[in-house]
Structure formats: structure tokens, C-alpha cells
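K.L.:
Can you keep this structure in mind? I'll have questions shortly.
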Amino acid sequence: MSAAHPFGFLDEHAKKEVRRSVLKAVAIPGYQVPYSSREMPMGRGFGTGGLQLTLSLLGKGETLKVIDQGSDDSVNAVSLRNFIEMTCEGIHTTTRTEAADLLQSRHRIPERPLREDQLIVLQVPYPDPLVIVEPSENKRKLMHGEADYSRLLVKLYEDIVKFDEITISHRYPTRINDHYVIDPSPIPRWDVPKLNHSKALILLGAGREKKIYAVPPYTKAEPLAFEDVPFRVEDFTNEAGHRRACQRCGCNSSFLDEFIDSSTGEKVFQCSDTDWCNTIMCGGASLSSDSDTNPDVKNKEVANG
Amino acid sequence: MDKVLEVAKLSKVYGQGCPSCYELTGPQHNTNLCFRCGSIVAAHDVSFDLYKGEILGIMGESGSGKSTAVKCLYFDEPPTAGQATFFDDDKRYDLFALNAAQQRRLANHRFGMVYQNPHLGLNFDISAGGNIAERLLMSDMDNYARIRHQATRLLSRTEVLPERMDELPKTFSGGMQQRVQIAKALSTNPPLLFLDEVSTGLDLSVQAAILDLILEIQQEMGTAMIVVTHDLGVIRLLTGRTLVMKYGRVIESGLTDQILEDPQHAYTQRLVASAL
């Protein structure tokens with residue numbers, strides 16, 4: 001394979017074009033930069049946008065982690081990781097968040113806060129948050145240009161009228177740097193606050209829709225809400241009023257997946273982020289090697305462990 | 001008296017236009033279609049002033065260009081030529097020199113529009129309250145409780161039951177849809193309101209109630225209004241001054257009483273004489 005393809009599968013011109021688009025996306029936070037989006041040897045919608053970003057940005061000797069819904073071993077993550085290993089000779093892969101230089105993720109941001117020297121690429125199916133209120137792309141572009149998001153807010157208003165709360169569970173429209181509103185890819189609400197003043201650069205790539213956009217480090221990211229009906233994340237409190245904990249590692253501060261135990265038929269909860277879960281299981285053993293993490297986080301992790 | 005709007009030589013041509021468009025059309029030629037280039041001169045040389053709290057009527061048969069003139073002023077259509085100046089307290093805006101964002105901002109904050117067809121003015125996929133919320137959100141109000149309160153107040157003012165504010169406008173009668181439209185237009189307390197055939201197509205009692213409401217609003221808030229209609233009754237009841245348009249030109253203008261009692265132009269005479 002390596003003989004037939006250049007490093008990173010894409011040719012140098014394609015990679016250069018993606019990098020140029022990334023520069024523009026970083027320079028205009030939240031703006032959807034159009035790019036050519038090459039054909040990849042997999043269907044559009046399988047993370048080709050994120051994959052092209054990763055292939056254009058990853059260099060020899062760097063370490064990659066691929067996540068699918070928080071997990072390293074679900075199908076999309078495994079396929080993408082195999083493909084990247086096959087086409088990028090000399091890179092390393094890991095499942096440990098803190099060991100990765102570049103993370104490509106489908107629909108989750110890791111629980112462990114990212115560092116300034118890390119970069120996360122999110123796979124995006126629908127880049128434009130306005131698509132639910134305006135079918136014409138021309139009009140949407142005008143609305144973005146004029147920061148006219150009142151019709152999105154009307155959607156929130158109607159939600160509160162009907163259900164007494166905002167019911168968007170994922171793809172929560174988020175205003176970047178006080179202007180452009182982005183669709184932050186289908187991350188749960190839980191992950192939206194992590195966009196705000198993130199230390200790591202966050203890049204979002206939509207392969208089918210041919211758009212790249214970014215939340216640069218230390219940039220304001222503010223979920224749309226009303227002054228008196230603020231944004232809130234998922235509530236994991238159980239009937240008894242206690243915060244549910246992961247049945248595997250016992251962590252009670254992470255985003256939990258709910259599923260039915262096939263042997264007992266009971267409803268159980270488990271960390272969605274498998275690396276986080278493993279770290280807590282090991283009593284946070286890997287933390288000591290990690291001198292960069294912020295002390296607050298370490299304390300939190302130790303407390304949890 | 002404070003001037004609100006000054007319109008000078010407003011023209012709108014649909015089509016490519018040619019140098020002789022204006023000469024070959026108009027009431028003297030009985031057409032607004034230029035036979036040389038096939039363009040339609042929807043309005044030409046429309047000039048008027050509007051003062052605070054005044055209601056100006058624009059009257060004419062269908063196709064006379066009355067709605068086109070108003071659509072240009074509300075930025076629904078770009079004009080071909082002409083100038084319009086909007087005076088807002090001590091600020092003045094040259095309407096057609098503003099960029100799209102400034103125009104949208106002005107239309108949302110300082111103008112209101114009520115269309116003949118509620119489908120143009122309202123979004124039928126969201127509730128009546130949501131329609132009013134949309135305009136309030138456009139003018140940067142971001143407090144849910146205050147939006148709710150304001151929408152309730154406006155709907156009760158326009159005599160729509162506040163209990164029905166969370167229903168979709170398509171479940172409303174025509175008169176109620178029109179009231180919701182008026183409430184939406186009034187939500188930002190605009191100093192200038194455009195009313196395009198508001199009462200056309202409604203039955204007489206509902207028409208009378210809507211016209212009453214408009215007069216009350218004008219008395220209460222001192223809103224300046226431009227009323228476009230072909231209905232002489234509406235002109236007589238609402239307006240102080242009137243323009244009469246035919247084939248895109250203003251053929252007569254003046255005090256409404258004068259025009260209706262002593263019309264000068266042959267067309268106006270026929271119009272007044274044919275009124276029931």
C-alpha cells in the first residue's frame with residue numbers, strides 16, 4: 001500500500017488545500033470554509049471529512065487516537081485507525097487520551113481535558129445549524145454573514161413553550177466568538193462546555209458537505225439559550241436524587257451511556273469514554289507521567305479514583 | 001410636525017429597461033408595459049412626505065404600482081431609481097444607500113409590515129406567539145419571560161385570545177391571522193408601519209374591527225402609516241392624505257376629503273363615482 005500511495009493517502013496538493021482551509025477556519029472562528037473534499041476509499045458519511053483533516057495534519061512520529069462515541073474499539077474507530085495506520089507509515093496509535101498528539105473523534109470529546117499541544121478533529125455530518133430553519137444555502141450564507149440567528153432562537157422558544165425546556169440533545173447550536181453559530185457535530189450537550197476556551201485546537205470536518213470549520217484555542221463558545229432559561233447539560237440524577245455512577249469504574253462525574261445488561265435484563269450505566277473509564281479503574285496510575293495536566297483536573301481524578 | 005419619511009422620484013422597472021421606458025408608459029398611454037423592450041414600469045416618479053402620526057393612503061386599481069412602492073420602502077424589492085430618507089429621532093437614513101444588513105436591521109427594529117396575505121407576514125409552521133417572538137429576538141431581546149409577556153400583551157391588545165397564542169396560525173380564522181400579523185408588526189414599537197391591503201378579503205364586521213384597531217393604534221402610539229388599498233371606504237375612514245396611482249404613476253394627490261369630494265383627474269372621478 002505504501003508504495004502505491006503517498007504518505008497520508010492524499011497527494012500533497014490535496015493536503016495543502018485542506019491545510020489552507022484550516023488556516024482560514026482558524027482565522028475566522030466558526031466560519032464554514034468550503035473545500036474540495038476528495039473521494040476517499042470509503043463512503044461519504046463514514047467520517048471522510050475528519051479523515052481528510054487527520055491525513056493532512058498528521059506527521060511521521062506523531063501519535064493518533066481515534067474515537068467513536070467515546071470508544072476506541074467500535075467499528076468506525078477501528079476502520080479509520082486501520083486505514084490511517086496503513087497509509088501513514090511511521091505514525092503511532094494509542095488509546096490513551098493524554099498520549100495522543102492528534103485525536104479524531106466521532107461525536108464525543110474526551111472527558112480528560114485536552115492540552116495546548118493536542119488537537120482534536122471532529123467528524124461532522126451536517127455542518128450548518130441553520131439547515132433546520134432555512135432550506136436555501138444562499139439565504140443561509142446571508143444569515144450567517146449578518147449573524148441573523150433569530151429563527152434558531154424561535155426554535156428554542158417553541159421548545160420551551162411545548163416542553164418547558166430546550167430539547168436538543170446533540171448538535172447543540174453554539175455561538176463562536178460572538179458571531180458565527182456552528183453545529184458542533186453530534187456531540188452530546190455534555191461536551192458543549194468543553195468547546196469554550198478549550199486549550200486544544202478543535203477542527204470540524206464535513207466530508208459530504210465539503211466544509212471545514214474550527215473552534216480555535218481560548219475562544220469563546222457559547223451555546224444558544226435565553227437569559228432566564230440557561231443552557232444545561234445532561235442530568236444523570238436517579239430517582240433517589242443521587243448522581244448515577246459508572247457501574248464499571250464507579251466514576252460519578254463522567255458522561256454515561258445507558259444500556260440493558262443482556263444477562264440480568266437490568267438497566268446499567270457506564271462511562272461513554274472508555275479511556276477515561278480505564279484510567280479510573282487503574283486508580284489514575286497513568287496520571288503521574290503526565291506533568292502537563294492542570295492541577296484541578298488531577299485532584300478531581302484522584303478524588304474519583 | 002416631525003417628518004418620518006421623505007420619498008423622492010421612486011421608480012421600479014421589472015425587466016432590462018430601455019431609455020424610452022418611461023416615455024412609452026403611464027396613464028396617457030394606458031399601459032405600464034414598454035413595447036420597445038418589454039419591461040414593466042411598475043412605479044415611476046413616486047414622491048411624497050410622511051409625518052409623525054399621519055396615515056397616508058395609496059389608492060389605485062390592481063397593477064397600478066401601489067404595492068410595489070411600499071415593497072421597495074420595506075426592502076422587499078430593490079428600487080430602480082429614486083431616494084427615500086427615513087427620519088428617526090435625530091438620525092436620518094438614506095434607505096437605498098444602506099447595505100443589506102443595515103436594511104434588515106432597520107426593517108426589523110423600526111418598520112412594521114402587514115401584508116394582505118398572512119402567509120407572507122407569518123411563519124405558519126410556528127405558533128402565533130413564536131411569530132411575535134421571532135421579531136423580538138431579531139431586535140436582540142433574549143429573555144424568555146419578557147418575550148412571553150410582551151407577546152401576550154400584544155395579542156391581547158389586538159384582541160387575539162392569549163390562551164391561543166401557542167397554537168399554529170393556520171388554525172386561526174382570516175381575521176385572527178391578520179390580527180396576529182398586526183401584533184407582530186407592532187412588537188418592536190415601530191414609528192413607521194406599512195399596511196398592504198390589510199382588510200381585503202375579510203367580511204365586513206371583521207374589516208370594521210381591524211380598521212378600528214388600526215386607528216386606535218395610531219392614536220395611542222402616534223405611529224405613521226402608509227395604507228395601500230383599492231377600497232375607498234378604507235381610504236375615507238383611515239387616511240388624512242391620499243395618492244391616487246394608475247399605471248405606475250401618481251395621477252393625483254392631496255387631502256383625502258378633497259380627493260373624494262372633488263376629484264380632478266378623470267380616472268379618480270370614475271373611481272369615486274363607481275364606489276357604492
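Ordering of the C-alpha cells sets the chain letters (A, B, ...); residue numbers start at 1 within each chain; ligands are numbered from 1 in the order shown.
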If we count only C-alpha atoms, which residues of chain A reach to within 7 Å of chain B? Please list them as a PyMOL selection string.

P.N.:
chain A and resi 146+150-151+154+157-158+226-229

K.L.:
Can you write out the residues you just picked, keeping N, CA and C atoms, as a compact mmCIF listing (two decimals), in the first residue's frame?

P.N.:
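Result saved to again_18.txt:
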```
# COMPACT_ATOMS: atom_id res chain seq x y z
N GLU A 146 -24.79 37.99 8.40
CA GLU A 146 -25.38 39.05 9.21
C GLU A 146 -25.61 38.60 10.65
N SER A 150 -32.07 34.60 14.67
CA SER A 150 -33.32 34.70 15.43
C SER A 150 -34.22 33.49 15.18
N ARG A 151 -34.16 32.92 13.97
CA ARG A 151 -35.07 31.80 13.70
C ARG A 151 -34.64 30.53 14.43
N VAL A 154 -36.07 31.07 17.80
CA VAL A 154 -37.51 30.79 17.81
C VAL A 154 -37.74 29.30 18.03
N TYR A 157 -37.44 28.76 21.55
CA TYR A 157 -38.64 29.31 22.19
C TYR A 157 -39.79 28.31 22.11
N GLU A 158 -39.99 27.74 20.90
CA GLU A 158 -41.09 26.80 20.71
C GLU A 158 -40.89 25.55 21.56
N PHE A 226 -31.63 31.33 26.39
CA PHE A 226 -32.22 32.59 26.82
C PHE A 226 -31.57 33.00 28.14
N GLU A 227 -31.63 34.31 28.38
CA GLU A 227 -31.09 34.87 29.61
C GLU A 227 -31.65 34.15 30.84
N ASP A 228 -32.97 33.86 30.82
CA ASP A 228 -33.60 33.29 32.01
C ASP A 228 -33.86 31.79 31.86
N VAL A 229 -33.52 31.21 30.71
CA VAL A 229 -33.59 29.75 30.55
C VAL A 229 -32.21 29.30 30.08
```

K.L.:
Please give the complete set of residues from segment 220-274 of chain B that DSSP, run on the backbone, assigns to strand (DSSP E or B), formatted as a list in words.

P.N.:
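Assigned to strand (DSSP E or B), within segment 220-274 of chain B: Ala224, Met225, Ile226, Val227, Val228, Thr229, Arg241, Thr242, Leu243, Val244, Met245, Lys246, Arg249, Val250, Ile251, Glu252, Ser253, Gly254 and Leu255 of chain B.
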
K.L.:
Could you save the residues just selected, with N, CA and C atoms, as an mmCIF file, in the first residue's frame?

P.N.:
```
data_model
loop_
_atom_site.group_PDB
_atom_site.id
_atom_site.type_symbol
_atom_site.label_atom_id
_atom_site.label_comp_id
_atom_site.auth_asym_id
_atom_site.auth_seq_id
_atom_site.Cartn_x
_atom_site.Cartn_y
_atom_site.Cartn_z
ATOM 1 N N ALA B 224 -46.738 56.462 12.359
ATOM 2 C CA ALA B 224 -47.026 56.895 10.998
ATOM 3 C C ALA B 224 -47.294 55.666 10.149
ATOM 4 N N MET B 225 -48.277 55.759 9.257
ATOM 5 C CA MET B 225 -48.641 54.571 8.479
ATOM 6 C C MET B 225 -48.828 54.916 7.012
ATOM 7 N N ILE B 226 -48.491 53.942 6.185
ATOM 8 C CA ILE B 226 -48.831 54.028 4.761
ATOM 9 C C ILE B 226 -49.801 52.891 4.484
ATOM 10 N N VAL B 227 -51.007 53.257 4.053
ATOM 11 C CA VAL B 227 -52.053 52.265 3.831
ATOM 12 C C VAL B 227 -52.264 52.106 2.336
ATOM 13 N N VAL B 228 -52.022 50.912 1.842
ATOM 14 C CA VAL B 228 -52.226 50.635 0.428
ATOM 15 C C VAL B 228 -53.552 49.914 0.279
ATOM 16 N N THR B 229 -54.437 50.435 -0.537
ATOM 17 C CA THR B 229 -55.735 49.768 -0.696
ATOM 18 C C THR B 229 -56.409 50.205 -1.997
ATOM 19 N N ARG B 241 -54.300 61.960 4.069
ATOM 20 C CA ARG B 241 -53.880 62.351 2.726
ATOM 21 C C ARG B 241 -53.828 61.117 1.849
ATOM 22 N N THR B 242 -53.979 61.316 0.559
ATOM 23 C CA THR B 242 -54.049 60.173 -0.355
ATOM 24 C C THR B 242 -53.280 60.448 -1.648
ATOM 25 N N LEU B 243 -52.640 59.397 -2.142
ATOM 26 C CA LEU B 243 -52.100 59.431 -3.507
ATOM 27 C C LEU B 243 -52.967 58.503 -4.347
ATOM 28 N N VAL B 244 -53.290 58.904 -5.548
ATOM 29 C CA VAL B 244 -54.004 58.010 -6.460
ATOM 30 C C VAL B 244 -53.016 57.596 -7.549
ATOM 31 N N MET B 245 -52.879 56.275 -7.753
ATOM 32 C CA MET B 245 -51.917 55.792 -8.742
ATOM 33 C C MET B 245 -52.610 55.079 -9.886
ATOM 34 N N LYS B 246 -52.033 55.229 -11.065
ATOM 35 C CA LYS B 246 -52.506 54.479 -12.226
ATOM 36 C C LYS B 246 -51.319 54.188 -13.129
ATOM 37 N N ARG B 249 -47.935 55.557 -12.109
ATOM 38 C CA ARG B 249 -47.726 56.991 -11.853
ATOM 39 C C ARG B 249 -48.714 57.499 -10.809
ATOM 40 N N VAL B 250 -48.288 58.520 -10.073
ATOM 41 C CA VAL B 250 -49.207 59.207 -9.175
ATOM 42 C C VAL B 250 -49.962 60.217 -10.027
ATOM 43 N N ILE B 251 -51.283 60.038 -10.145
ATOM 44 C CA ILE B 251 -52.015 60.960 -11.017
ATOM 45 C C ILE B 251 -52.700 62.063 -10.215
ATOM 46 N N GLU B 252 -52.846 61.813 -8.921
ATOM 47 C CA GLU B 252 -53.488 62.855 -8.132
ATOM 48 C C GLU B 252 -53.088 62.661 -6.681
ATOM 49 N N SER B 253 -52.889 63.738 -5.962
ATOM 50 C CA SER B 253 -52.566 63.596 -4.548
ATOM 51 C C SER B 253 -53.098 64.798 -3.785
ATOM 52 N N GLY B 254 -53.403 64.589 -2.521
ATOM 53 C CA GLY B 254 -53.905 65.693 -1.721
ATOM 54 C C GLY B 254 -54.649 65.174 -0.513
ATOM 55 N N LEU B 255 -55.408 66.075 0.135
ATOM 56 C CA LEU B 255 -56.189 65.679 1.296
ATOM 57 C C LEU B 255 -57.263 64.690 0.855
#
```

K.L.:
As a PyMOL selection string, please: the residues near Tyr180 of chain A (cut-off 9 Å, only C-alpha atoms, same-chain neighbours under 4 positions excluded).

P.N.:
chain A and resi 28-32+144-145+147+174-176

K.L.:
Write the residues you've just listed into a file as a compact mmCIF listing (two decimals), in the first residue's frame, and include N, CA and C atoms for each of them.

P.N.:
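Heads up, here's the output in result-v5.txt:
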```
# COMPACT_ATOMS: atom_id res chain seq x y z
N ILE A 28 -11.08 32.71 11.05
CA ILE A 28 -12.46 33.19 11.20
C ILE A 28 -13.20 32.14 12.03
N PRO A 29 -13.13 32.22 13.35
CA PRO A 29 -13.69 31.16 14.19
C PRO A 29 -15.16 30.90 13.89
N GLY A 30 -15.48 29.65 13.62
CA GLY A 30 -16.88 29.26 13.42
C GLY A 30 -17.35 29.37 11.99
N TYR A 31 -16.57 30.00 11.13
CA TYR A 31 -16.98 30.16 9.73
C TYR A 31 -16.76 28.85 8.98
N GLN A 32 -17.75 28.45 8.18
CA GLN A 32 -17.64 27.20 7.43
C GLN A 32 -16.88 27.43 6.14
N HIS A 144 -25.81 33.82 8.04
CA HIS A 144 -24.56 33.69 8.79
C HIS A 144 -23.78 35.00 8.76
N GLY A 145 -23.72 35.58 7.54
CA GLY A 145 -22.95 36.81 7.38
C GLY A 145 -23.46 37.93 8.27
N ALA A 147 -25.13 37.43 11.00
CA ALA A 147 -25.32 36.87 12.34
C ALA A 147 -26.81 36.88 12.72
N THR A 174 -24.12 26.47 18.77
CA THR A 174 -23.20 27.15 19.68
C THR A 174 -22.58 28.34 18.97
N ARG A 175 -22.62 29.48 19.62
CA ARG A 175 -22.09 30.70 19.02
C ARG A 175 -20.60 30.82 19.34
N ILE A 176 -19.80 30.99 18.29
CA ILE A 176 -18.36 31.04 18.46
C ILE A 176 -17.88 32.48 18.35
```

K.L.:
Which value, in Å to one decimal, gives the distance between atom CA of Gln181 of chain B and atom CA of Leu168 of chain B?

P.N.:
12.8 Å

K.L.:
Can you work out the spacing between atom CA of Ala27 of chain A and atom CA of Asp101 of chain A in Å, to one decimal?

P.N.:
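Atom-to-atom, atom CA of Ala27 of chain A and atom CA of Asp101 of chain A are spaced 21.6 Å apart.
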
K.L.:
With only C-alpha atoms as the basis for distance, which of B:His119, B:His265, B:Lys170, B:His44 is at the shortest distance from Lys9 of chain B?

P.N.:
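Under the stated criterion, the closest residue is B:His44.
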
K.L.:
Could you tell me, as an MDAnalysis selection string, which residues of segment 3-186 of chain B DSSP assigns to helix (DSSP H, G or I) when given the backbone?

P.N.:
chainID B and resid 21:24 27:29 66:73 95:97 100:109 118:121 128:138 144:157 162:164 169:171 174:186

K.L.:
Expressed in Å to a single decimal, how great is the separation between atom CA of Phe87 of chain B and atom CA of Val7 of chain B?

P.N.:
11.4 Å

K.L.:
Contacts of segment 164-168 of chain A at 9 Å or less, counting only C-alpha atoms, minus same-chain residues fewer than 4 places along, as a PyMOL selection string?

P.N.:
chain A and resi 155-160+172-173+189+225+229+231-232
